[in-house]
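Asker: For reference, this is protein_1.pdb, and it has PDB, C-alpha atoms.
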```pdb
ATOM      1  CA  MET A 290       3.190 -19.013 -11.836
ATOM      2  CA  THR A 291       2.274 -17.426 -15.175
ATOM      3  CA  LEU A 292       1.864 -13.663 -15.010
ATOM      4  CA  PRO A 293      -0.904 -11.989 -17.033
ATOM      5  CA  LEU A 294       0.208 -10.179 -20.159
ATOM      6  CA  ARG A 295       0.090  -6.406 -19.984
ATOM      7  CA  PRO A 296      -1.513  -4.810 -23.021
ATOM      8  CA  VAL A 297       0.610  -2.313 -24.922
ATOM      9  CA  SER A 298      -1.116   1.040 -25.311
ATOM     10  CA  THR A 299      -1.265   2.783 -28.658
ATOM     11  CA  VAL A 300       0.948   5.506 -27.208
ATOM     12  CA  GLY A 301       3.481   2.916 -26.070
ATOM     13  CA  ALA A 302       3.414   1.083 -29.385
ATOM     14  CA  LEU A 303       3.977   4.314 -31.324
ATOM     15  CA  ALA A 304       6.788   5.356 -28.997
ATOM     16  CA  ASP A 305       8.403   1.929 -29.479
ATOM     17  CA  ALA A 306       8.166   2.224 -33.268
ATOM     18  CA  LEU A 307       9.654   5.718 -33.337
ATOM     19  CA  ARG A 308      12.353   4.807 -30.820
ATOM     20  CA  ALA A 309      13.465   1.882 -32.981
ATOM     21  CA  ARG A 310      13.638   4.122 -36.054
ATOM     22  CA  VAL A 311      15.715   6.727 -34.209
ATOM     23  CA  LEU A 312      18.140   4.177 -32.753
ATOM     24  CA  SER A 313      18.488   2.369 -36.079
ATOM     25  CA  GLY A 314      19.424   5.633 -37.774
ATOM     26  CA  GLU A 315      16.388   5.568 -40.056
ATOM     27  CA  ILE A 316      15.318   8.925 -38.631
ATOM     28  CA  GLU A 317      18.512  10.962 -38.917
ATOM     29  CA  PRO A 318      19.765  13.687 -36.541
ATOM     30  CA  GLY A 319      18.111  17.016 -37.218
ATOM     31  CA  THR A 320      14.988  15.393 -38.674
ATOM     32  CA  ALA A 321      11.770  17.059 -37.532
ATOM     33  CA  LEU A 322       8.788  14.928 -36.545
ATOM     34  CA  PRO A 323       5.610  16.944 -37.242
ATOM     35  CA  GLU A 324       2.655  15.578 -35.312
ATOM     36  CA  GLN A 325       0.279  15.732 -38.278
ATOM     37  CA  GLU A 326       2.610  13.765 -40.551
ATOM     38  CA  ILE A 327       3.221  11.063 -37.957
ATOM     39  CA  ALA A 328      -0.487  10.797 -37.206
ATOM     40  CA  ALA A 329      -1.225  10.285 -40.912
ATOM     41  CA  ALA A 330       1.638   7.811 -41.388
ATOM     42  CA  TYR A 331       0.636   5.601 -38.455
ATOM     43  CA  GLY A 332      -3.125   6.123 -38.587
ATOM     44  CA  VAL A 333      -3.425   7.479 -35.055
ATOM     45  CA  ALA A 334      -4.829  10.646 -33.505
ATOM     46  CA  ARG A 335      -2.608  13.665 -32.895
ATOM     47  CA  PRO A 336      -3.008  13.482 -29.088
ATOM     48  CA  THR A 337      -1.565   9.960 -29.287
ATOM     49  CA  VAL A 338       1.373  11.275 -31.297
ATOM     50  CA  ARG A 339       1.876  14.119 -28.849
ATOM     51  CA  GLU A 340       2.069  11.703 -25.894
ATOM     52  CA  ALA A 341       4.435   9.334 -27.710
ATOM     53  CA  LEU A 342       6.749  12.188 -28.650
ATOM     54  CA  ALA A 343       6.655  13.445 -25.065
ATOM     55  CA  LEU A 344       7.875  10.045 -23.871
ATOM     56  CA  LEU A 345      10.830  10.151 -26.240
ATOM     57  CA  VAL A 346      11.613  13.749 -25.285
ATOM     58  CA  HIS A 347      11.637  12.649 -21.639
ATOM     59  CA  GLU A 348      14.063   9.828 -22.554
ATOM     60  CA  GLY A 349      16.338  12.342 -24.273
ATOM     61  CA  LEU A 350      16.013  10.717 -27.702
ATOM     62  CA  LEU A 351      14.099  13.700 -29.064
ATOM     63  CA  ARG A 352      14.234  17.406 -28.333
ATOM     64  CA  ARG A 353      11.403  19.876 -28.496
ATOM     65  CA  GLU A 354      11.613  23.651 -28.456
ATOM     66  CA  ARG A 355       8.827  26.200 -28.297
ATOM     67  CA  ASN A 356       6.843  26.515 -31.548
ATOM     68  CA  ARG A 357       8.903  23.775 -33.193
ATOM     69  CA  SER A 358       8.247  20.140 -33.984
ATOM     70  CA  ALA A 359      10.125  17.559 -31.967
ATOM     71  CA  TYR A 360      13.355  16.516 -33.649
ATOM     72  CA  VAL A 361      16.264  14.119 -33.277
ATOM     73  CA  PRO A 362      19.173  15.998 -31.664
ATOM     74  CA  GLU A 363      22.575  16.002 -33.292
ATOM     75  CA  VAL A 364      25.354  14.325 -31.317
ATOM     76  CA  THR A 365      28.628  15.489 -32.882
ATOM     77  CA  LEU A 366      32.024  13.846 -32.608
ATOM     78  CA  SER A 367      33.026  16.602 -30.194
ATOM     79  CA  ASP A 368      29.979  15.753 -28.078
ATOM     80  CA  LEU A 369      31.002  12.099 -28.108
ATOM     81  CA  ALA A 370      34.587  12.910 -27.167
ATOM     82  CA  ASP A 371      33.299  14.822 -24.151
ATOM     83  CA  LEU A 372      30.870  11.998 -23.351
ATOM     84  CA  MET A 373      33.738   9.495 -23.301
ATOM     85  CA  TYR A 374      35.794  11.923 -21.185
ATOM     86  CA  VAL A 375      33.089  11.653 -18.513
ATOM     87  CA  ARG A 376      32.305   7.953 -18.992
ATOM     88  CA  ARG A 377      35.926   6.756 -18.663
ATOM     89  CA  PRO A 378      36.346   7.505 -14.939
ATOM     90  CA  LEU A 379      32.887   6.072 -14.209
ATOM     91  CA  GLU A 380      33.609   2.826 -16.014
ATOM     92  CA  ASP A 381      37.090   2.729 -14.511
ATOM     93  CA  LEU A 382      35.450   2.751 -11.072
ATOM     94  CA  MET A 383      33.209  -0.064 -12.293
ATOM     95  CA  ALA A 384      36.150  -2.163 -13.497
ATOM     96  CA  ARG A 385      38.094  -1.725 -10.262
ATOM     97  CA  ALA A 386      35.067  -2.789  -8.218
ATOM     98  CA  LEU A 387      34.292  -5.885 -10.307
ATOM     99  CA  ILE A 388      37.762  -7.383 -10.749
ATOM    100  CA  GLY A 389      37.484 -11.177 -10.634
ATOM    101  CA  GLN A 390      33.713 -11.238 -11.114
ATOM    102  CA  ARG A 391      31.397 -12.488 -13.830
ATOM    103  CA  VAL A 392      28.230 -10.385 -14.035
ATOM    104  CA  PRO A 393      25.297 -12.584 -15.132
ATOM    105  CA  GLY A 394      23.280  -9.668 -16.526
ATOM    106  CA  ALA A 395      26.174  -8.526 -18.693
ATOM    107  CA  GLU A 396      26.879 -12.071 -19.879
ATOM    108  CA  ALA A 397      23.199 -12.508 -20.778
ATOM    109  CA  ALA A 398      23.147  -9.244 -22.745
ATOM    110  CA  LEU A 399      26.248 -10.316 -24.671
ATOM    111  CA  HIS A 400      24.638 -13.682 -25.432
ATOM    112  CA  ARG A 401      21.528 -11.935 -26.754
ATOM    113  CA  MET A 402      23.664  -9.569 -28.842
ATOM    114  CA  ALA A 403      25.536 -12.505 -30.358
ATOM    115  CA  ALA A 404      22.258 -14.289 -31.109
ATOM    116  CA  LEU A 405      20.697 -11.390 -33.020
ATOM    117  CA  PRO A 406      19.996 -12.329 -36.643
ATOM    118  CA  ALA A 407      21.863 -10.478 -39.364
ATOM    119  CA  GLU A 408      18.666  -8.685 -40.392
ATOM    120  CA  ALA A 409      17.907  -7.435 -36.861
ATOM    121  CA  PRO A 410      17.564  -3.648 -36.692
ATOM    122  CA  TRP A 411      20.523  -1.751 -35.288
ATOM    123  CA  SER A 412      18.271  -0.548 -32.468
ATOM    124  CA  ASP A 413      18.343  -4.130 -31.098
ATOM    125  CA  VAL A 414      22.149  -4.006 -31.039
ATOM    126  CA  VAL A 415      22.005  -0.638 -29.256
ATOM    127  CA  GLY A 416      19.606  -2.101 -26.694
ATOM    128  CA  GLU A 417      21.842  -5.045 -25.823
ATOM    129  CA  HIS A 418      24.955  -2.851 -25.823
ATOM    130  CA  MET A 419      23.311  -0.539 -23.296
ATOM    131  CA  ALA A 420      21.998  -3.474 -21.245
ATOM    132  CA  LEU A 421      25.495  -4.957 -20.975
ATOM    133  CA  HIS A 422      27.125  -1.777 -19.705
ATOM    134  CA  GLN A 423      24.184  -0.995 -17.435
ATOM    135  CA  ALA A 424      24.413  -4.455 -15.861
ATOM    136  CA  LEU A 425      28.107  -3.891 -15.114
ATOM    137  CA  VAL A 426      27.431  -0.539 -13.474
ATOM    138  CA  GLU A 427      24.524  -1.916 -11.426
ATOM    139  CA  ALA A 428      26.675  -4.827 -10.238
ATOM    140  CA  VAL A 429      28.933  -2.362  -8.400
ATOM    141  CA  GLY A 430      26.084  -1.635  -5.992
ATOM    142  CA  SER A 431      26.534   2.147  -5.897
ATOM    143  CA  PRO A 432      23.261   4.095  -6.389
ATOM    144  CA  ARG A 433      25.240   7.288  -7.042
ATOM    145  CA  LEU A 434      27.330   5.654  -9.754
ATOM    146  CA  GLU A 435      24.113   4.381 -11.336
ATOM    147  CA  ARG A 436      22.582   7.865 -11.289
ATOM    148  CA  LEU A 437      25.663   9.471 -12.829
ATOM    149  CA  TYR A 438      25.840   6.789 -15.516
ATOM    150  CA  GLY A 439      22.102   7.002 -16.163
ATOM    151  CA  ALA A 440      22.380  10.743 -16.829
ATOM    152  CA  LEU A 441      24.543   9.899 -19.854
ATOM    153  CA  ALA A 442      22.265   7.180 -21.237
ATOM    154  CA  ALA A 443      20.359   9.208 -23.844
ATOM    155  CA  GLU A 444      23.470  10.715 -25.436
ATOM    156  CA  THR A 445      25.164   7.329 -25.332
ATOM    157  CA  ARG A 446      22.275   5.645 -27.136
ATOM    158  CA  LEU A 447      22.193   8.349 -29.794
ATOM    159  CA  GLY A 448      25.955   8.109 -30.170
ATOM    160  CA  LEU A 449      25.757   4.346 -30.663
ATOM    161  CA  VAL A 450      23.731   4.928 -33.828
ATOM    162  CA  ARG A 451      27.017   6.039 -35.430
ATOM    163  CA  LEU A 452      28.586   2.647 -34.780
ATOM    164  CA  ARG A 453      26.554   1.053 -37.582
ATOM    165  CA  ALA A 454      29.201   2.296 -39.993
ATOM    166  CA  VAL A 455      32.089   1.185 -37.773
ATOM    167  CA  TYR A 456      30.779  -2.301 -36.966
ATOM    168  CA  LYS A 457      29.330  -3.532 -40.234
ATOM    169  CA  ASP A 458      30.412  -6.977 -39.064
ATOM    170  CA  ARG A 459      28.560  -7.343 -35.760
ATOM    171  CA  GLU A 460      30.796 -10.231 -34.747
ATOM    172  CA  VAL A 461      33.575  -7.689 -34.196
ATOM    173  CA  LEU A 462      31.394  -5.814 -31.689
ATOM    174  CA  VAL A 463      30.515  -9.060 -29.935
ATOM    175  CA  ARG A 464      34.174 -10.092 -29.783
ATOM    176  CA  GLU A 465      35.231  -6.733 -28.313
ATOM    177  CA  HIS A 466      32.644  -7.026 -25.560
ATOM    178  CA  ARG A 467      33.663 -10.649 -24.898
ATOM    179  CA  GLU A 468      37.237  -9.463 -24.428
ATOM    180  CA  LEU A 469      36.051  -6.660 -22.114
ATOM    181  CA  LEU A 470      34.045  -9.003 -19.862
ATOM    182  CA  ASP A 471      36.895 -11.534 -19.785
ATOM    183  CA  ALA A 472      39.424  -8.851 -18.822
ATOM    184  CA  ILE A 473      37.241  -7.725 -15.916
ATOM    185  CA  ALA A 474      36.572 -11.280 -14.761
ATOM    186  CA  GLU A 475      40.144 -12.547 -15.063
ATOM    187  CA  GLY A 476      42.136  -9.431 -14.137
ATOM    188  CA  PRO A 477      44.575  -8.348 -12.949
ATOM    189  CA  GLU A 478      43.312  -4.833 -12.199
ATOM    190  CA  GLU A 479      45.748  -3.121 -14.557
ATOM    191  CA  VAL A 480      44.616  -5.309 -17.457
ATOM    192  CA  ALA A 481      40.923  -4.757 -16.714
ATOM    193  CA  ARG A 482      41.292  -0.992 -16.442
ATOM    194  CA  ALA A 483      43.323  -0.876 -19.655
ATOM    195  CA  ALA A 484      40.623  -2.926 -21.398
ATOM    196  CA  VAL A 485      37.916  -0.471 -20.314
ATOM    197  CA  ALA A 486      39.982   2.513 -21.477
ATOM    198  CA  ALA A 487      40.633   0.870 -24.846
ATOM    199  CA  HIS A 488      36.981  -0.082 -25.218
ATOM    200  CA  LEU A 489      35.890   3.531 -24.784
ATOM    201  CA  SER A 490      38.502   4.852 -27.208
ATOM    202  CA  HIS A 491      37.124   3.298 -30.411
ATOM    203  CA  SER A 492      36.382   5.329 -33.530
ATOM    204  CA  TRP A 493      32.852   6.649 -33.858
ATOM    205  CA  GLY A 494      33.100   6.994 -37.638
ATOM    206  CA  GLY A 495      32.399  10.082 -39.724
ATOM    207  CA  ASP A 496      34.404  13.219 -40.385
ATOM    208  CA  ASP A 497      32.397  15.669 -38.261
ATOM    209  CA  GLN A 498      34.654  17.396 -35.742
ATOM    210  CA  SER A 499      32.243  20.152 -34.796
TER
END
```
Take the structure in the file and give it back as structure tokens.

Answerer:
Amino acid sequence: MTLPLRPVSTVGALADALRARVLSGEIEPGTALPEQEIAAAYGVARPTVREALALLVHEGLLRRERNRSAYVPEVTLSDLADLMYVRRPLEDLMARALIGQRVPGAEAALHRMAALPAEAPWSDVVGEHMALHQALVEAVGSPRLERLYGALAAETRLGLVRLRAVYKDREVLVREHRELLDAIAEGPEEVARAAVAAHLSHSWGGDDQS
């Protein structure tokens, strides 16, 4: 049965456009997003801009403080080190639970990542990267693990913007994720857990240590 198409609202379309620019690194950390300027650039009303920005603030991709325009938060290398410190035990639990299994959702996300054209925006790579790891976590079947992992999603997505400089050849990123999924599926447990730890220990690029 064919399902009816759902129209995309102007608010949703604007949020999608801004989200893609943030996750592709076009809008850099610290950049303010004044409502009036965005309204003029996209030819929409300021209330539309306000709602779109509110969506991205809710997702954690933007931050808004009193009497200030919304802006892209800075995720430093120290932030990312702490993020990985928390993610490692969560993904270790995932690996231990999924030893010997192929996760269709993760395999599909990797296939889509590999199929992205060279000119695809980095935000598409971020999306498939997140989808792959999310599918692995969901496959464990633990709602609490999903909630804990979900709480880190916004910072993880913003952190992945940095990987553009590390993975200029996207085939390397695809190959690393292929090796990760194979290690989990083929085991043994020690190999799978070591693969997860190595995967989360890559360089994020840049010299910022603050």

Asker: Give as a list in words the residues that the PyMOL selection byres ((chain A and resi 304-320) around 8) matches when applied to the coordinates above.

Answerer: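 Expected selection for the PyMOL selection byres ((chain A and resi 304-320) around 8) here is Val300, Gly301, Ala302, Leu303, Ala321, Leu322, Ala341, Leu342, Leu344, Leu345, Leu350, Tyr360, Val361, Pro362, Glu363, Val364, Pro410, Trp411, Ser412, Asp413, Val415, Arg446, Leu447, Leu449, Val450 and Arg451 of chain A.
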
Asker: Which residue out of A:His488, A:Thr337, A:Met419, A:Asn356 has the minimum interatomic distance to Arg464 in chain A when all atoms listed in the file are used?

Answerer: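 With all atoms listed in the file as the atom set, the closest residue is A:His488.
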
Asker: In Å, with one decimal, what is the gap from CA of Tyr438 in chain A to CA of Glu479 in chain A?

Answerer: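 If I compute the distance from CA of Tyr438 in chain A to CA of Glu479 in chain A, I get 22.3 Å.
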
Asker: Taking 4 positions as the minimum chain separation for residues in the same chain, which residues sit within 12 Å of Ala424 in chain A when counting all atoms listed in the file? Answer as a PyMOL selection string.

Answerer: chain A and resi 380+383+387+391-399+417-420+428-430+435+438-439+470

Asker: Please determine, counting only C-alpha atoms, which residue among A:His422, A:Arg376, A:Arg459, A:Arg355 has the shortest atom-to-atom distance to Pro406 in chain A.

Answerer: A:Arg459

Asker: Nearest residue to Lys457 in chain A out of A:Val346, A:Ala407, A:Leu369, A:Leu382, using all atoms listed in the file?

Answerer: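 Residue with the minimum atom-to-atom distance to Lys457 in chain A: A:Ala407.
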
Asker: Do you know which residues lie at most 10 Å from (42.0, -8.4, -17.9), with coordinates as in the file and all atoms listed in the file counted, and could you write them as a VMD selection string?

Answerer: chain A and resid 384 388 to 389 468 to 485

Asker: Taking N, CA and C atoms as the atom set, what does range 431-464 of chain A look like once completed, written as a PDB file, in the frame of the given file?

Answerer:
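Done, and the output landed in out.pdb:
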```pdb
ATOM      1  N   SER A 431      26.469   0.741  -6.316  1.00  0.00           N
ATOM      2  CA  SER A 431      26.534   2.147  -5.897  1.00  0.00           C
ATOM      3  C   SER A 431      25.394   2.927  -6.554  1.00  0.00           C
ATOM      4  N   PRO A 432      24.371   3.330  -5.799  1.00  0.00           N
ATOM      5  CA  PRO A 432      23.261   4.095  -6.389  1.00  0.00           C
ATOM      6  C   PRO A 432      23.739   5.399  -7.037  1.00  0.00           C
ATOM      7  N   ARG A 433      24.757   6.029  -6.481  1.00  0.00           N
ATOM      8  CA  ARG A 433      25.240   7.288  -7.042  1.00  0.00           C
ATOM      9  C   ARG A 433      25.946   7.067  -8.379  1.00  0.00           C
ATOM     10  N   LEU A 434      26.706   5.986  -8.472  1.00  0.00           N
ATOM     11  CA  LEU A 434      27.330   5.654  -9.754  1.00  0.00           C
ATOM     12  C   LEU A 434      26.259   5.378 -10.801  1.00  0.00           C
ATOM     13  N   GLU A 435      25.209   4.669 -10.408  1.00  0.00           N
ATOM     14  CA  GLU A 435      24.113   4.381 -11.336  1.00  0.00           C
ATOM     15  C   GLU A 435      23.441   5.663 -11.818  1.00  0.00           C
ATOM     16  N   ARG A 436      23.220   6.607 -10.900  1.00  0.00           N
ATOM     17  CA  ARG A 436      22.582   7.865 -11.289  1.00  0.00           C
ATOM     18  C   ARG A 436      23.458   8.659 -12.248  1.00  0.00           C
ATOM     19  N   LEU A 437      24.753   8.742 -11.945  1.00  0.00           N
ATOM     20  CA  LEU A 437      25.663   9.471 -12.829  1.00  0.00           C
ATOM     21  C   LEU A 437      25.709   8.821 -14.208  1.00  0.00           C
ATOM     22  N   TYR A 438      25.782   7.508 -14.241  1.00  0.00           N
ATOM     23  CA  TYR A 438      25.840   6.789 -15.516  1.00  0.00           C
ATOM     24  C   TYR A 438      24.521   6.935 -16.271  1.00  0.00           C
ATOM     25  N   GLY A 439      23.410   6.882 -15.536  1.00  0.00           N
ATOM     26  CA  GLY A 439      22.102   7.002 -16.163  1.00  0.00           C
ATOM     27  C   GLY A 439      21.893   8.353 -16.822  1.00  0.00           C
ATOM     28  N   ALA A 440      22.512   9.403 -16.261  1.00  0.00           N
ATOM     29  CA  ALA A 440      22.380  10.743 -16.829  1.00  0.00           C
ATOM     30  C   ALA A 440      22.992  10.834 -18.222  1.00  0.00           C
ATOM     31  N   LEU A 441      23.876   9.891 -18.550  1.00  0.00           N
ATOM     32  CA  LEU A 441      24.543   9.899 -19.854  1.00  0.00           C
ATOM     33  C   LEU A 441      23.877   8.954 -20.854  1.00  0.00           C
ATOM     34  N   ALA A 442      22.828   8.256 -20.424  1.00  0.00           N
ATOM     35  CA  ALA A 442      22.265   7.180 -21.237  1.00  0.00           C
ATOM     36  C   ALA A 442      21.725   7.658 -22.582  1.00  0.00           C
ATOM     37  N   ALA A 443      20.983   8.763 -22.594  1.00  0.00           N
ATOM     38  CA  ALA A 443      20.359   9.208 -23.844  1.00  0.00           C
ATOM     39  C   ALA A 443      21.411   9.563 -24.888  1.00  0.00           C
ATOM     40  N   GLU A 444      22.419  10.352 -24.483  1.00  0.00           N
ATOM     41  CA  GLU A 444      23.470  10.715 -25.436  1.00  0.00           C
ATOM     42  C   GLU A 444      24.254   9.485 -25.883  1.00  0.00           C
ATOM     43  N   THR A 445      24.446   8.545 -24.961  1.00  0.00           N
ATOM     44  CA  THR A 445      25.164   7.329 -25.332  1.00  0.00           C
ATOM     45  C   THR A 445      24.388   6.546 -26.377  1.00  0.00           C
ATOM     46  N   ARG A 446      23.088   6.395 -26.167  1.00  0.00           N
ATOM     47  CA  ARG A 446      22.275   5.645 -27.136  1.00  0.00           C
ATOM     48  C   ARG A 446      22.280   6.318 -28.493  1.00  0.00           C
ATOM     49  N   LEU A 447      22.156   7.638 -28.514  1.00  0.00           N
ATOM     50  CA  LEU A 447      22.193   8.349 -29.794  1.00  0.00           C
ATOM     51  C   LEU A 447      23.566   8.227 -30.438  1.00  0.00           C
ATOM     52  N   GLY A 448      24.614   8.256 -29.630  1.00  0.00           N
ATOM     53  CA  GLY A 448      25.955   8.109 -30.170  1.00  0.00           C
ATOM     54  C   GLY A 448      26.177   6.736 -30.772  1.00  0.00           C
ATOM     55  N   LEU A 449      25.583   5.704 -30.167  1.00  0.00           N
ATOM     56  CA  LEU A 449      25.757   4.346 -30.663  1.00  0.00           C
ATOM     57  C   LEU A 449      25.183   4.145 -32.056  1.00  0.00           C
ATOM     58  N   VAL A 450      24.271   5.026 -32.467  1.00  0.00           N
ATOM     59  CA  VAL A 450      23.731   4.928 -33.828  1.00  0.00           C
ATOM     60  C   VAL A 450      24.867   5.040 -34.843  1.00  0.00           C
ATOM     61  N   ARG A 451      25.876   5.852 -34.527  1.00  0.00           N
ATOM     62  CA  ARG A 451      27.017   6.039 -35.430  1.00  0.00           C
ATOM     63  C   ARG A 451      27.806   4.747 -35.657  1.00  0.00           C
ATOM     64  N   LEU A 452      27.752   3.841 -34.690  1.00  0.00           N
ATOM     65  CA  LEU A 452      28.586   2.647 -34.780  1.00  0.00           C
ATOM     66  C   LEU A 452      28.135   1.680 -35.863  1.00  0.00           C
ATOM     67  N   ARG A 453      26.982   1.910 -36.451  1.00  0.00           N
ATOM     68  CA  ARG A 453      26.554   1.053 -37.582  1.00  0.00           C
ATOM     69  C   ARG A 453      27.624   1.027 -38.650  1.00  0.00           C
ATOM     70  N   ALA A 454      28.203   2.203 -38.923  1.00  0.00           N
ATOM     71  CA  ALA A 454      29.201   2.296 -39.993  1.00  0.00           C
ATOM     72  C   ALA A 454      30.542   1.702 -39.576  1.00  0.00           C
ATOM     73  N   VAL A 455      30.817   1.695 -38.265  1.00  0.00           N
ATOM     74  CA  VAL A 455      32.089   1.185 -37.773  1.00  0.00           C
ATOM     75  C   VAL A 455      32.058  -0.338 -37.646  1.00  0.00           C
ATOM     76  N   TYR A 456      30.906  -0.869 -37.199  1.00  0.00           N
ATOM     77  CA  TYR A 456      30.779  -2.301 -36.966  1.00  0.00           C
ATOM     78  C   TYR A 456      29.809  -2.929 -37.965  1.00  0.00           C
ATOM     79  N   LYS A 457      30.167  -2.890 -39.225  1.00  0.00           N
ATOM     80  CA  LYS A 457      29.330  -3.532 -40.234  1.00  0.00           C
ATOM     81  C   LYS A 457      29.295  -5.040 -40.019  1.00  0.00           C
ATOM     82  N   ASP A 458      30.383  -5.585 -39.486  1.00  0.00           N
ATOM     83  CA  ASP A 458      30.412  -6.977 -39.064  1.00  0.00           C
ATOM     84  C   ASP A 458      30.144  -6.999 -37.562  1.00  0.00           C
ATOM     85  N   ARG A 459      28.941  -7.395 -37.172  1.00  0.00           N
ATOM     86  CA  ARG A 459      28.560  -7.343 -35.760  1.00  0.00           C
ATOM     87  C   ARG A 459      29.382  -8.291 -34.901  1.00  0.00           C
ATOM     88  N   GLU A 460      29.972  -9.312 -35.507  1.00  0.00           N
ATOM     89  CA  GLU A 460      30.796 -10.231 -34.747  1.00  0.00           C
ATOM     90  C   GLU A 460      31.983  -9.514 -34.115  1.00  0.00           C
ATOM     91  N   VAL A 461      32.459  -8.457 -34.764  1.00  0.00           N
ATOM     92  CA  VAL A 461      33.575  -7.689 -34.196  1.00  0.00           C
ATOM     93  C   VAL A 461      33.135  -7.022 -32.899  1.00  0.00           C
ATOM     94  N   LEU A 462      31.928  -6.460 -32.892  1.00  0.00           N
ATOM     95  CA  LEU A 462      31.394  -5.814 -31.689  1.00  0.00           C
ATOM     96  C   LEU A 462      31.212  -6.834 -30.574  1.00  0.00           C
ATOM     97  N   VAL A 463      30.694  -7.991 -30.927  1.00  0.00           N
ATOM     98  CA  VAL A 463      30.515  -9.060 -29.935  1.00  0.00           C
ATOM     99  C   VAL A 463      31.870  -9.475 -29.368  1.00  0.00           C
ATOM    100  N   ARG A 464      32.854  -9.658 -30.233  1.00  0.00           N
ATOM    101  CA  ARG A 464      34.174 -10.092 -29.783  1.00  0.00           C
ATOM    102  C   ARG A 464      34.805  -9.061 -28.851  1.00  0.00           C
TER     103      ARG A 464
END
```
